[in-house]
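S.K.: Just one file: start.cif, with mmCIF, C-alpha atoms.
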data_target
loop_
_atom_site.label_atom_id
_atom_site.label_comp_id
_atom_site.auth_asym_id
_atom_site.auth_seq_id
_atom_site.Cartn_x
_atom_site.Cartn_y
_atom_site.Cartn_z
CA MET Y 1 64.37 93.48 30.25
CA THR Y 2 67.16 93.08 27.71
CA GLY Y 3 69.10 91.18 30.37
CA LEU Y 4 66.38 88.56 30.62
CA TRP Y 5 66.14 88.25 26.84
CA ASP Y 6 69.91 87.80 26.64
CA ILE Y 7 69.81 85.02 29.21
CA PHE Y 8 66.96 83.33 27.35
CA VAL Y 9 68.72 83.42 23.96
CA THR Y 10 72.06 82.40 25.42
CA ALA Y 11 70.51 79.43 27.23
CA ALA Y 12 68.52 78.35 24.18
CA PHE Y 13 71.08 78.71 21.40
CA VAL Y 14 74.61 79.71 22.41
CA ASP Y 15 74.87 77.40 25.44
CA ASN Y 16 72.52 74.80 24.01
CA MET Y 17 72.13 72.04 26.59
CA PRO Y 18 72.72 68.91 24.53
CA LEU Y 19 74.91 70.32 21.77
CA THR Y 20 77.41 72.54 23.54
CA LEU Y 21 77.15 71.57 27.21
CA PHE Y 22 76.62 67.81 26.59
CA LEU Y 23 73.68 67.59 28.96
CA GLY Y 24 70.76 65.20 28.72
CA LEU Y 25 72.44 63.28 25.95
CA CYS Y 26 71.14 59.85 26.96
CA THR Y 27 67.52 60.79 26.32
CA PHE Y 28 68.57 63.13 23.51
CA LEU Y 29 69.96 60.13 21.62
CA ALA Y 30 67.56 57.48 22.84
CA LEU Y 31 64.32 59.30 22.00
CA SER Y 32 65.25 61.07 18.78
CA LYS Y 33 64.64 58.15 16.43
CA ARG Y 34 61.16 59.40 15.58
CA PRO Y 35 60.28 63.10 15.24
CA GLU Y 36 56.94 62.72 17.12
CA ALA Y 37 58.60 61.34 20.24
CA ALA Y 38 61.33 63.96 19.93
CA ILE Y 39 58.86 66.86 19.89
CA GLY Y 40 56.96 65.42 22.87
CA LEU Y 41 60.22 65.13 24.77
CA GLY Y 42 61.10 68.72 23.92
CA VAL Y 43 57.78 70.03 25.22
CA ALA Y 44 58.06 68.01 28.45
CA MET Y 45 61.63 69.24 28.99
CA THR Y 46 60.55 72.86 28.53
CA GLY Y 47 57.75 72.42 31.06
CA VAL Y 48 59.83 70.67 33.71
CA LEU Y 49 62.85 72.99 33.34
CA GLY Y 50 60.67 76.11 33.31
CA VAL Y 51 59.05 75.07 36.60
CA THR Y 52 61.89 73.44 38.55
CA VAL Y 53 64.63 76.04 38.04
CA PRO Y 54 62.72 78.98 39.59
CA LEU Y 55 61.28 76.69 42.27
CA ASN Y 56 64.73 75.45 43.21
CA TYR Y 57 65.87 79.07 43.26
CA LEU Y 58 63.31 79.82 45.98
CA ILE Y 59 64.29 76.74 47.98
CA TYR Y 60 68.00 77.41 47.67
CA GLN Y 61 67.80 81.10 48.61
CA GLY Y 62 65.22 80.55 51.34
CA LEU Y 63 66.61 77.47 53.08
CA LEU Y 64 70.05 76.42 51.92
CA ALA Y 65 72.21 79.37 50.90
CA PRO Y 66 74.85 80.63 53.34
CA GLY Y 67 73.11 83.07 55.68
CA ALA Y 68 69.59 81.97 54.77
CA TRP Y 69 68.84 81.29 58.44
CA ALA Y 70 70.15 84.65 59.65
CA TRP Y 71 66.65 85.67 60.80
CA MET Y 72 66.66 82.66 63.16
CA GLY Y 73 69.91 83.90 64.68
CA LEU Y 74 72.04 81.41 62.75
CA PRO Y 75 73.99 83.57 60.26
CA GLU Y 76 76.85 81.04 60.13
CA LEU Y 77 74.71 78.15 58.95
CA ASP Y 78 75.60 77.00 55.42
CA LEU Y 79 73.47 74.18 54.11
CA SER Y 80 74.44 74.59 50.47
CA TYR Y 81 75.96 71.10 50.36
CA LEU Y 82 72.43 69.75 50.71
CA ALA Y 83 71.44 71.42 47.44
CA LEU Y 84 71.81 68.21 45.40
CA ILE Y 85 69.33 66.22 47.47
CA ALA Y 86 66.85 69.11 47.73
CA PHE Y 87 66.95 69.74 43.95
CA ILE Y 88 66.43 66.08 43.14
CA GLY Y 89 63.44 66.00 45.47
CA VAL Y 90 61.83 69.02 43.80
CA ILE Y 91 62.50 67.59 40.33
CA ALA Y 92 61.04 64.21 41.27
CA ALA Y 93 57.92 65.91 42.62
CA ALA Y 94 57.55 68.11 39.53
CA VAL Y 95 57.88 65.14 37.20
CA GLN Y 96 55.34 63.20 39.24
CA LEU Y 97 52.95 66.16 39.01
CA LEU Y 98 53.49 66.47 35.27
CA GLU Y 99 52.73 62.77 34.93
CA MET Y 100 49.48 63.11 36.86
CA VAL Y 101 48.37 66.17 34.87
CA LEU Y 102 49.13 64.46 31.57
CA ASP Y 103 47.39 61.28 32.67
CA ARG Y 104 44.27 63.20 33.68
CA PHE Y 105 43.96 65.71 30.84
CA PHE Y 106 46.07 64.41 27.93
CA PRO Y 107 45.94 60.60 28.16
CA LYS Y 108 47.18 60.20 24.58
CA ILE Y 109 50.41 62.10 25.18
CA HIS Y 110 50.83 60.24 28.46
CA ALA Y 111 50.56 56.90 26.72
CA ALA Y 112 53.06 57.96 24.06
CA PHE Y 113 55.68 58.70 26.71
CA GLY Y 114 55.22 55.42 28.54
CA VAL Y 115 58.00 54.44 30.91
CA PHE Y 116 60.11 57.32 29.76
CA LEU Y 117 58.36 60.09 31.67
CA PRO Y 118 59.43 59.10 35.22
CA LEU Y 119 62.99 58.85 33.93
CA LEU Y 120 63.01 62.62 33.38
CA THR Y 121 63.77 62.73 37.12
CA VAL Y 122 67.28 61.51 36.46
CA GLN Y 123 67.86 63.65 33.39
CA CYS Y 124 71.11 65.48 33.81
CA ALA Y 125 69.94 68.51 31.83
CA ILE Y 126 67.18 69.20 34.34
CA LEU Y 127 69.40 68.92 37.39
CA ALA Y 128 72.11 70.91 35.62
CA GLY Y 129 69.63 73.74 35.06
CA SER Y 130 69.28 74.15 38.82
CA LEU Y 131 72.99 73.70 39.49
CA PHE Y 132 73.98 76.30 36.88
CA MET Y 133 71.40 78.68 38.33
CA VAL Y 134 73.21 78.48 41.67
CA GLU Y 135 76.69 78.65 40.18
CA ARG Y 136 75.92 81.75 38.11
CA SER Y 137 73.94 83.38 40.99
CA TYR Y 138 70.93 84.36 38.91
CA SER Y 139 68.00 86.29 40.38
CA PHE Y 140 64.50 84.82 40.44
CA ALA Y 141 63.41 86.31 37.10
CA GLU Y 142 66.76 85.43 35.52
CA SER Y 143 66.55 81.81 36.66
CA ALA Y 144 63.02 81.57 35.22
CA ALA Y 145 64.26 82.93 31.86
CA PHE Y 146 67.25 80.59 32.02
CA GLY Y 147 65.16 77.49 32.79
CA PHE Y 148 62.64 78.25 30.06
CA GLY Y 149 65.36 79.10 27.54
CA SER Y 150 67.26 75.87 28.22
CA GLY Y 151 64.06 73.91 27.69
CA VAL Y 152 63.36 75.63 24.39
CA GLY Y 153 66.92 75.04 23.23
CA PHE Y 154 66.66 71.36 24.08
CA ALA Y 155 63.33 71.10 22.24
CA VAL Y 156 64.72 72.73 19.09
CA ALA Y 157 67.81 70.52 19.05
CA VAL Y 158 66.00 67.25 19.70
CA ALA Y 159 63.28 67.98 17.12
CA MET Y 160 65.92 68.72 14.47
CA LEU Y 161 67.89 65.58 15.26
CA GLY Y 162 64.71 63.49 15.21
CA ALA Y 163 63.81 64.78 11.77
CA ILE Y 164 67.29 64.12 10.35
CA ARG Y 165 67.48 60.63 11.83
CA LYS Y 166 64.08 59.72 10.42
CA ARG Y 167 65.31 60.70 6.98
CA LEU Y 168 68.63 58.88 7.43
CA SER Y 169 66.94 55.61 8.35
CA TYR Y 170 66.30 55.17 4.62
CA ALA Y 171 69.92 55.80 3.68
CA HIS Y 172 72.81 53.47 2.97
CA LEU Y 173 75.24 53.68 5.85
CA PRO Y 174 78.32 51.70 6.80
CA GLU Y 175 77.10 48.95 9.12
CA GLY Y 176 79.06 50.02 12.17
CA LEU Y 177 77.77 53.57 11.93
CA ARG Y 178 74.11 52.63 11.80
CA GLY Y 179 72.06 53.94 14.75
CA LEU Y 180 74.20 55.30 17.55
CA GLY Y 181 77.33 56.03 15.53
CA ILE Y 182 75.67 58.24 12.95
CA ALA Y 183 73.65 59.94 15.70
CA PHE Y 184 76.90 61.10 17.30
CA ILE Y 185 78.28 62.36 13.98
CA LEU Y 186 74.99 64.21 13.35
CA ALA Y 187 75.07 65.74 16.82
CA GLY Y 188 78.63 66.85 16.12
CA LEU Y 189 77.60 68.53 12.86
CA MET Y 190 74.65 70.21 14.57
CA SER Y 191 76.99 71.31 17.32
CA LEU Y 192 79.23 72.92 14.69
CA GLY Y 193 76.16 74.72 13.35
CA PHE Y 194 75.14 75.95 16.80
CA ALA Y 195 78.67 77.24 17.34
CA SER Y 196 77.81 79.98 14.85
CA PHE Y 197 75.32 81.37 17.38
CA ALA Y 198 78.26 82.07 19.68
CA GLN Y 199 79.84 84.12 16.87
CA MET Y 200 76.58 86.05 16.58
CA ALA Y 201 76.70 86.85 20.31
CA VAL Y 202 80.28 88.11 19.94
CA ALA Y 203 79.40 90.25 16.91
CA GLN Y 204 76.72 92.00 18.95
CA MET D 1 87.26 27.79 40.21
CA PRO D 2 83.97 28.47 38.46
CA GLN D 3 83.13 31.17 41.00
CA ALA D 4 86.25 33.23 40.33
CA GLN D 5 85.71 32.81 36.62
CA THR D 6 82.21 34.29 36.81
CA TYR D 7 83.58 37.28 38.67
CA TRP D 8 86.25 37.69 36.03
CA THR D 9 83.65 37.66 33.26
CA THR D 10 81.41 40.09 35.15
CA LEU D 11 84.38 42.38 35.58
CA THR D 12 85.76 42.30 32.05
CA ALA D 13 82.59 42.11 29.98
CA PRO D 14 81.79 45.83 30.32
CA LEU D 15 85.28 46.86 29.19
CA ILE D 16 84.66 46.60 25.46
CA ARG D 17 82.04 43.99 24.59
CA GLN D 18 79.30 45.36 26.88
CA ASN D 19 80.77 48.83 27.22
CA PRO D 20 78.28 51.09 29.00
CA VAL D 21 79.02 54.13 26.85
CA THR D 22 79.32 52.72 23.35
CA LEU D 23 76.70 49.96 23.55
CA GLN D 24 74.23 50.78 26.30
CA ILE D 25 74.09 54.59 25.69
CA LEU D 26 74.60 55.27 29.39
CA GLY D 27 76.52 58.11 30.97
CA ILE D 28 77.34 59.89 27.74
CA CYS D 29 76.91 63.47 28.94
CA SER D 30 79.83 63.45 31.30
CA ALA D 31 81.84 61.25 28.95
CA LEU D 32 81.94 64.12 26.48
CA ALA D 33 81.86 67.19 28.69
CA VAL D 34 84.85 66.55 30.92
CA THR D 35 87.23 65.20 28.30
CA THR D 36 89.00 68.40 27.25
CA SER D 37 92.00 67.28 29.27
CA LEU D 38 93.28 63.98 30.57
CA ALA D 39 93.42 65.15 34.19
CA THR D 40 89.72 66.07 34.38
CA ALA D 41 88.76 62.89 32.53
CA LEU D 42 90.74 60.79 34.99
CA THR D 43 89.28 62.56 38.04
CA MET D 44 85.79 62.07 36.70
CA SER D 45 86.47 58.39 35.98
CA VAL D 46 87.76 57.75 39.49
CA SER D 47 84.86 59.65 41.11
CA LEU D 48 82.24 57.86 39.05
CA THR D 49 83.77 54.42 39.59
CA ALA D 50 83.91 55.01 43.34
CA VAL D 51 80.32 56.26 43.53
CA LEU D 52 79.05 53.46 41.30
CA THR D 53 80.82 50.68 43.22
CA LEU D 54 79.75 51.93 46.65
CA ALA D 55 76.19 52.62 45.53
CA ALA D 56 75.87 49.16 44.00
CA GLY D 57 77.15 47.59 47.21
CA LEU D 58 74.75 49.59 49.41
CA VAL D 59 71.71 49.05 47.21
CA SER D 60 72.47 45.36 46.98
CA MET D 61 72.85 45.06 50.76
CA ILE D 62 69.44 46.53 51.49
CA ARG D 63 67.75 45.18 48.38
CA ARG D 64 65.38 42.89 50.29
CA HIS D 65 64.17 45.75 52.49
CA ILE D 66 63.33 48.37 49.85
CA PRO D 67 59.64 48.48 48.91
CA ASP D 68 59.29 48.37 45.14
CA ALA D 69 57.27 51.58 44.92
CA ILE D 70 59.93 53.85 46.39
CA ARG D 71 63.05 52.05 45.19
CA LEU D 72 63.98 54.80 42.71
CA ILE D 73 63.88 57.45 45.40
CA VAL D 74 65.90 55.31 47.80
CA GLN D 75 68.51 54.64 45.13
CA ILE D 76 68.74 58.30 44.15
CA VAL D 77 69.15 59.38 47.77
CA ILE D 78 71.95 56.85 48.30
CA VAL D 79 73.72 57.99 45.12
CA ALA D 80 73.24 61.68 45.93
CA SER D 81 74.70 61.25 49.42
CA LEU D 82 77.78 59.50 47.99
CA VAL D 83 78.17 62.23 45.36
CA ILE D 84 78.05 64.93 48.05
CA VAL D 85 80.88 63.15 49.89
CA ILE D 86 83.00 62.87 46.73
CA ASP D 87 82.28 66.48 45.80
CA GLN D 88 83.38 67.72 49.21
CA ILE D 89 86.56 65.62 49.04
CA LEU D 90 87.41 67.03 45.61
CA GLN D 91 86.76 70.58 46.76
CA ALA D 92 88.99 70.06 49.79
CA TYR D 93 91.98 68.36 48.16
CA PHE D 94 91.77 69.04 44.40
CA ALA D 95 90.27 72.52 44.32
CA GLU D 96 91.56 73.35 40.83
CA ILE D 97 90.22 70.23 39.15
CA SER D 98 86.98 70.55 41.09
CA ARG D 99 86.51 74.03 39.58
CA ALA D 100 87.29 72.72 36.10
CA LEU D 101 84.66 70.00 36.51
CA SER D 102 82.13 72.62 37.71
CA VAL D 103 78.67 71.10 37.95
CA TYR D 104 79.56 67.79 36.34
CA VAL D 105 80.59 66.13 39.61
CA GLY D 106 77.14 66.90 40.99
CA LEU D 107 75.68 65.47 37.83
CA ILE D 108 77.02 62.01 38.72
CA THR D 109 73.79 61.87 40.75
CA THR D 110 71.77 61.76 37.58
CA ASN D 111 74.28 59.83 35.52
CA CYS D 112 72.15 57.17 33.90
CA LEU D 113 75.04 54.73 34.17
CA VAL D 114 74.83 54.71 37.98
CA LEU D 115 71.08 54.34 38.15
CA GLY D 116 71.09 51.87 35.26
CA ARG D 117 73.50 49.52 37.02
CA THR D 118 71.83 49.70 40.44
CA GLU D 119 68.43 49.24 38.84
CA THR D 120 69.28 46.36 36.51
CA TYR D 121 72.02 44.50 38.37
CA ALA D 122 72.57 45.44 42.00
CA ARG D 123 68.88 45.08 42.81
CA HIS D 124 68.92 41.39 41.90
CA HIS D 125 72.35 40.22 43.04
CA PRO D 126 74.27 39.81 46.32
CA PRO D 127 76.69 42.61 47.29
CA LEU D 128 79.97 41.11 46.04
CA PRO D 129 78.92 40.36 42.43
CA ALA D 130 77.05 43.67 42.34
CA MET D 131 80.17 45.57 43.31
CA VAL D 132 82.30 43.60 40.83
CA ASP D 133 79.83 44.42 38.07
CA ALA D 134 79.72 48.08 39.09
CA PHE D 135 83.51 48.27 39.19
CA GLY D 136 83.75 46.69 35.74
CA ASN D 137 81.27 49.17 34.33
CA GLY D 138 83.17 52.00 35.99
CA LEU D 139 86.34 50.76 34.29
CA GLY D 140 84.59 50.51 30.92
CA TYR D 141 83.39 54.09 31.31
CA SER D 142 86.85 55.22 32.41
CA LEU D 143 88.43 53.56 29.38
CA ILE D 144 86.29 55.61 26.99
CA LEU D 145 86.88 58.82 28.95
CA ILE D 146 90.64 58.33 29.04
CA VAL D 147 90.86 57.53 25.32
CA ILE D 148 88.79 60.57 24.32
CA GLY D 149 90.40 62.83 26.94
CA GLY D 150 93.89 61.77 25.86
CA LEU D 151 93.17 62.31 22.15
CA ARG D 152 91.56 65.70 22.72
CA GLU D 153 94.34 67.01 24.96
CA LEU D 154 97.10 65.60 22.75
CA PHE D 155 95.81 67.07 19.50
CA GLY D 156 94.12 70.13 20.98
CA LYS D 157 97.08 71.42 23.00
CA GLY D 158 99.90 68.98 22.27
CA GLN D 159 99.98 68.12 25.96
CA LEU D 160 99.31 65.13 28.18
CA PHE D 161 98.50 65.77 31.87
CA GLY D 162 99.50 69.38 31.24
CA ALA D 163 103.05 68.47 30.13
CA GLN D 164 104.10 69.43 26.60
CA VAL D 165 104.44 66.25 24.53
CA LEU D 166 104.39 67.58 20.99
CA PRO D 167 106.63 70.64 20.43
CA LEU D 168 104.49 73.62 19.45
CA ALA D 169 105.18 75.48 16.23
CA GLU D 170 105.21 78.85 17.97
CA THR D 171 108.06 77.76 20.24
CA GLY D 172 110.16 76.33 17.41
CA GLY D 173 108.62 72.84 17.14
CA TRP D 174 106.45 71.45 14.35
CA PHE D 175 103.02 70.96 15.92
CA THR D 176 100.15 73.38 15.32
CA PRO D 177 97.40 72.75 17.89
CA LEU D 178 93.98 71.89 16.50
CA SER D 179 91.84 74.04 18.73
CA LEU D 180 88.69 72.47 17.28
CA MET D 181 89.60 69.36 19.29
CA LEU D 182 88.86 71.31 22.49
CA LEU D 183 85.40 72.37 21.30
CA ALA D 184 82.13 70.49 21.54
CA PRO D 185 81.76 69.10 17.99
CA SER D 186 85.01 67.13 18.00
CA ALA D 187 83.94 65.25 21.11
CA PHE D 188 80.84 64.06 19.30
CA PHE D 189 82.87 63.09 16.23
CA LEU D 190 85.45 61.19 18.28
CA LEU D 191 82.82 59.24 20.19
CA GLY D 192 80.96 58.49 16.95
CA LEU D 193 84.13 57.16 15.36
CA LEU D 194 84.91 55.18 18.51
CA VAL D 195 81.47 53.55 18.35
CA TRP D 196 82.17 52.71 14.72
CA ALA D 197 85.52 51.16 15.64
CA VAL D 198 84.06 49.06 18.46
CA ARG D 199 81.26 47.84 16.21
CA GLY D 200 83.80 47.00 13.55
CA LEU D 201 85.48 44.71 16.08
CA HIS D 202 82.19 43.28 17.32
CA PRO D 203 79.81 43.12 14.36
CA GLU D 204 77.07 41.54 16.53
CA GLN D 205 76.53 45.01 18.08
CA VAL D 206 75.48 46.54 14.75
CA GLU D 207 71.91 47.81 14.99
CA GLN D 208 69.27 46.31 12.76
CA PRO D 209 68.10 48.75 10.08
CA GLU D 210 64.55 50.03 10.53
CA HIS D 211 63.96 50.07 6.80
CA THR D 212 65.68 48.20 4.05
CA PRO D 213 66.96 50.88 1.69
CA PRO D 214 66.32 50.24 -2.00
CA LEU D 215 69.21 48.60 -3.79
CA GLN D 216 71.60 51.08 -5.32
CA LYS D 217 71.50 51.22 -9.08
CA VAL D 218 74.71 50.10 -10.68
CA PRO D 219 75.84 52.97 -12.90
CA ALA D 220 75.68 52.14 -16.60
CA GLU D 221 78.97 51.42 -18.24
#
Written as structure tokens, how would this file's structure read?

M.R.:
Amino acid sequence: MTGLWDIFVTAAFVDNMPLTLFLGLCTFLALSKRPEAAIGLGVAMTGVLGVTVPLNYLIYQGLLAPGAWAWMGLPELDLSYLALIAFIGVIAAAVQLLEMVLDRFFPKIHAAFGVFLPLLTVQCAILAGSLFMVERSYSFAESAAFGFGSGVGFAVAVAMLGAIRKRLSYAHLPEGLRGLGIAFILAGLMSLGFASFAQMAVAQ
Amino acid sequence: MPQAQTYWTTLTAPLIRQNPVTLQILGICSALAVTTSLATALTMSVSLTAVLTLAAGLVSMIRRHIPDAIRLIVQIVIVASLVIVIDQILQAYFAEISRALSVYVGLITTNCLVLGRTETYARHHPPLPAMVDAFGNGLGYSLILIVIGGLRELFGKGQLFGAQVLPLAETGGWFTPLSLMLLAPSAFFLLGLLVWAVRGLHPEQVEQPEHTPPLQKVPAE
């Protein structure tokens, strides 16, 4: 049990997706101008990551991993190079499903996302969740904890950045830094802050 | 030669003026993650430029035959297939760099730069201009990666391409490596400063303020 908790905390804070692994930065920067949109994005990311990582685990272990077809008499077969296409397919389907559920039950949230929701399909943080799960050879429960933790970490980071940027939009800034420039500097400062979580993990 | 001139503009515009990373906010993740050394940055640049150019060409060639509803899926499948090829080539011939890049080569599939260019440009233009545009954008991306990768490796380790450029203090030289340069925050700072520099050169890129801040009070004498 402690192992799962460790993976969750590590994924959420120490290896924070946008701030230390540089994943999902395009949406991280593009949608963090307003805190409301940022929080919605965080919730959607948590949902999609929490579902797709364990699902991709099942697909990878059941169909693609070396030796997965041993029961068919094909122990040599290694389809792991197909992982990219399979993962993208699962993610696209999950995002589509999320869109339909939101549209049916939470039309307001759906409208707030607009064109942005389908673009979650090509969010590198989501695909990276599945790829890391393979690379670190997690078990099913571990990959679920990892996917959920990464989503929570993303949500925390993007909500914080959204709040700071909202406040900074009233500030006097050098012209060239306005918008994207200051967002990078802020992300850098937040990244410095999150680095302290790594120290905490070492101190344990 | 108006035709050649258009190609030249399409090719050079994304280098600085329309740079995909600093202006269009595309492809930032990999721009920061793989820049701890110049060698990985260069490998990533070449891979991405190759994938982008080929994908743009392919998408543009079949652009009249793709139904609108499934165009995203078709584009992603084309890009993913190209990425698998590149990934296998890297694993076969550059195993060490491929390990250093870990999952980021696979993430070219979801690099918004690739999808952004095929979606906005290649889908509406014939193959040759589409490939020229894609190549130009690839070069613009590479430029940013090489600048940041070079700075981080030079000041983080005193090396370029793994060769010692600045003599280290511990071996009798004068340079003390700034290990912060190899960590995540410095990449953000460098890119932020780079954006500032580019917008200093091209003031038309400065974003409009959402609110007009109140005028600062002049301190009393």

S.K.: When you count all atoms listed in the file, which of these residues is closest to Gln61 in chain Y: Y:Val9, Y:Ile109, Y:Met133, Y:Ala159?

M.R.: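 Of the candidates, the smallest distance to Gln61 in chain Y is held by Y:Met133.
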
S.K.: Using only C-alpha atoms for the distances, tell me which of Y:Phe22, Y:Tyr60, Y:Phe87, Y:Phe146 is nearest to chain D.

M.R.: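 Once distances to chain D are computed over only C-alpha atoms, the minimum belongs to Y:Phe22.
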
S.K.: Could you check the closest approach to chain D for each of Y:Phe106, Y:Phe28, Y:Phe148, Y:Phe154 and tell me which residue wins, using only C-alpha atoms?

M.R.: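 Of the candidates, the smallest distance to chain D is held by Y:Phe28.
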
S.K.: Please, which residues are within 12 Å of (98.5, 67.0, 32.8) by the file's coordinates, counting only C-alpha atoms, and could they come as a list of chain:residue names?

M.R.: D:Thr36, D:Ser37, D:Leu38, D:Ala39, D:Thr40, D:Ala41, D:Leu42, D:Thr43, D:Ile97, D:Gly149, D:Gly150, D:Glu153, D:Leu154, D:Lys157, D:Gly158, D:Gln159, D:Leu160, D:Phe161, D:Gly162, D:Ala163, D:Gln164, D:Val165

S.K.: Any idea which chain Y residues end up within 7 Å of chain D if we count all atoms listed in the file, as number ranges by chain please?

M.R.: Y: 20-26, 81, 84-85, 122-124, 128, 131, 169-172, 175-179, 181-182, 184-185, 187-189, 191-192

S.K.: For C-alpha atoms, I'd like the residues from the last selection saved as a PDB file, in the frame of the given file.

M.R.:
ATOM      1  CA  THR Y  20      77.410  72.540  23.540  1.00  0.00           C
ATOM      2  CA  LEU Y  21      77.150  71.570  27.210  1.00  0.00           C
ATOM      3  CA  PHE Y  22      76.620  67.810  26.590  1.00  0.00           C
ATOM      4  CA  LEU Y  23      73.680  67.590  28.960  1.00  0.00           C
ATOM      5  CA  GLY Y  24      70.760  65.200  28.720  1.00  0.00           C
ATOM      6  CA  LEU Y  25      72.440  63.280  25.950  1.00  0.00           C
ATOM      7  CA  CYS Y  26      71.140  59.850  26.960  1.00  0.00           C
ATOM      8  CA  TYR Y  81      75.960  71.100  50.360  1.00  0.00           C
ATOM      9  CA  LEU Y  84      71.810  68.210  45.400  1.00  0.00           C
ATOM     10  CA  ILE Y  85      69.330  66.220  47.470  1.00  0.00           C
ATOM     11  CA  VAL Y 122      67.280  61.510  36.460  1.00  0.00           C
ATOM     12  CA  GLN Y 123      67.860  63.650  33.390  1.00  0.00           C
ATOM     13  CA  CYS Y 124      71.110  65.480  33.810  1.00  0.00           C
ATOM     14  CA  ALA Y 128      72.110  70.910  35.620  1.00  0.00           C
ATOM     15  CA  LEU Y 131      72.990  73.700  39.490  1.00  0.00           C
ATOM     16  CA  SER Y 169      66.940  55.610   8.350  1.00  0.00           C
ATOM     17  CA  TYR Y 170      66.300  55.170   4.620  1.00  0.00           C
ATOM     18  CA  ALA Y 171      69.920  55.800   3.680  1.00  0.00           C
ATOM     19  CA  HIS Y 172      72.810  53.470   2.970  1.00  0.00           C
ATOM     20  CA  GLU Y 175      77.100  48.950   9.120  1.00  0.00           C
ATOM     21  CA  GLY Y 176      79.060  50.020  12.170  1.00  0.00           C
ATOM     22  CA  LEU Y 177      77.770  53.570  11.930  1.00  0.00           C
ATOM     23  CA  ARG Y 178      74.110  52.630  11.800  1.00  0.00           C
ATOM     24  CA  GLY Y 179      72.060  53.940  14.750  1.00  0.00           C
ATOM     25  CA  GLY Y 181      77.330  56.030  15.530  1.00  0.00           C
ATOM     26  CA  ILE Y 182      75.670  58.240  12.950  1.00  0.00           C
ATOM     27  CA  PHE Y 184      76.900  61.100  17.300  1.00  0.00           C
ATOM     28  CA  ILE Y 185      78.280  62.360  13.980  1.00  0.00           C
ATOM     29  CA  ALA Y 187      75.070  65.740  16.820  1.00  0.00           C
ATOM     30  CA  GLY Y 188      78.630  66.850  16.120  1.00  0.00           C
ATOM     31  CA  LEU Y 189      77.600  68.530  12.860  1.00  0.00           C
ATOM     32  CA  SER Y 191      76.990  71.310  17.320  1.00  0.00           C
ATOM     33  CA  LEU Y 192      79.230  72.920  14.690  1.00  0.00           C
TER      34      LEU Y 192
END

S.K.: By how many Å are CA of Ile126 in chain Y and CA of Met45 in chain Y apart?

M.R.: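 Answer for the CA of Ile126 in chain Y to CA of Met45 in chain Y separation: 7.7 Å.
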
S.K.: Since I can't run it myself right now, could you work out what the PyMOL selection byres ((chain D and resi 119) around 10) selects here and report it as a list in words?

M.R.: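 Against this file, the PyMOL selection byres ((chain D and resi 119) around 10) returns the residues Ala56, Val59, Ser60, Arg71, Leu72, Gln75, Leu113, Val114, Leu115, Gly116, Arg117, Thr118, Thr120, Tyr121, Ala122, Arg123 and His124 of chain D.
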
S.K.: Counting all atoms listed in the file, which of D:Val74, D:Phe175, D:Asn137, D:Met61 gets nearest to Gly89 in chain Y?

M.R.: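 Result for the nearest residue to Gly89 in chain Y: D:Val74.
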
S.K.: Which residue out of D:Leu128, D:Arg64, D:Met44, D:Val51 has the minimum interatomic distance to Leu101 in chain D when only C-alpha atoms are used?

M.R.: D:Met44

S.K.: Starting from the displayed file, determine the output of the PyMOL selection byres ((chain D and resi 130-134) around 6) and express the residue list as an NGL selection string.

M.R.: :D and (10-11 or 52-53 or 56-57 or 122 or 125 or 127-129 or 135-137)

S.K.: Please write as a list of chain:residue names the full residue list that the PyMOL selection byres ((chain Y and resi 142) around 9) yields on this file.

M.R.: Y:Gly3, Y:Leu4, Y:Ile7, Y:Phe8, Y:Pro54, Y:Met133, Y:Tyr138, Y:Ser139, Y:Phe140, Y:Ala141, Y:Ser143, Y:Ala144, Y:Ala145, Y:Phe146, Y:Gly147

S.K.: To one decimal in Å, tell me the separation between CA of Val95 in chain Y and CA of Thr27 in chain Y.

M.R.: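 Interatomic distance, CA of Val95 in chain Y to CA of Thr27 in chain Y: 15.2 Å.
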
S.K.: Could you tell me how far CA of Ala12 in chain Y sits from CA of Gly149 in chain Y, in Å to one decimal place?

M.R.: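 Computing it gives 4.7 Å between the two atoms.
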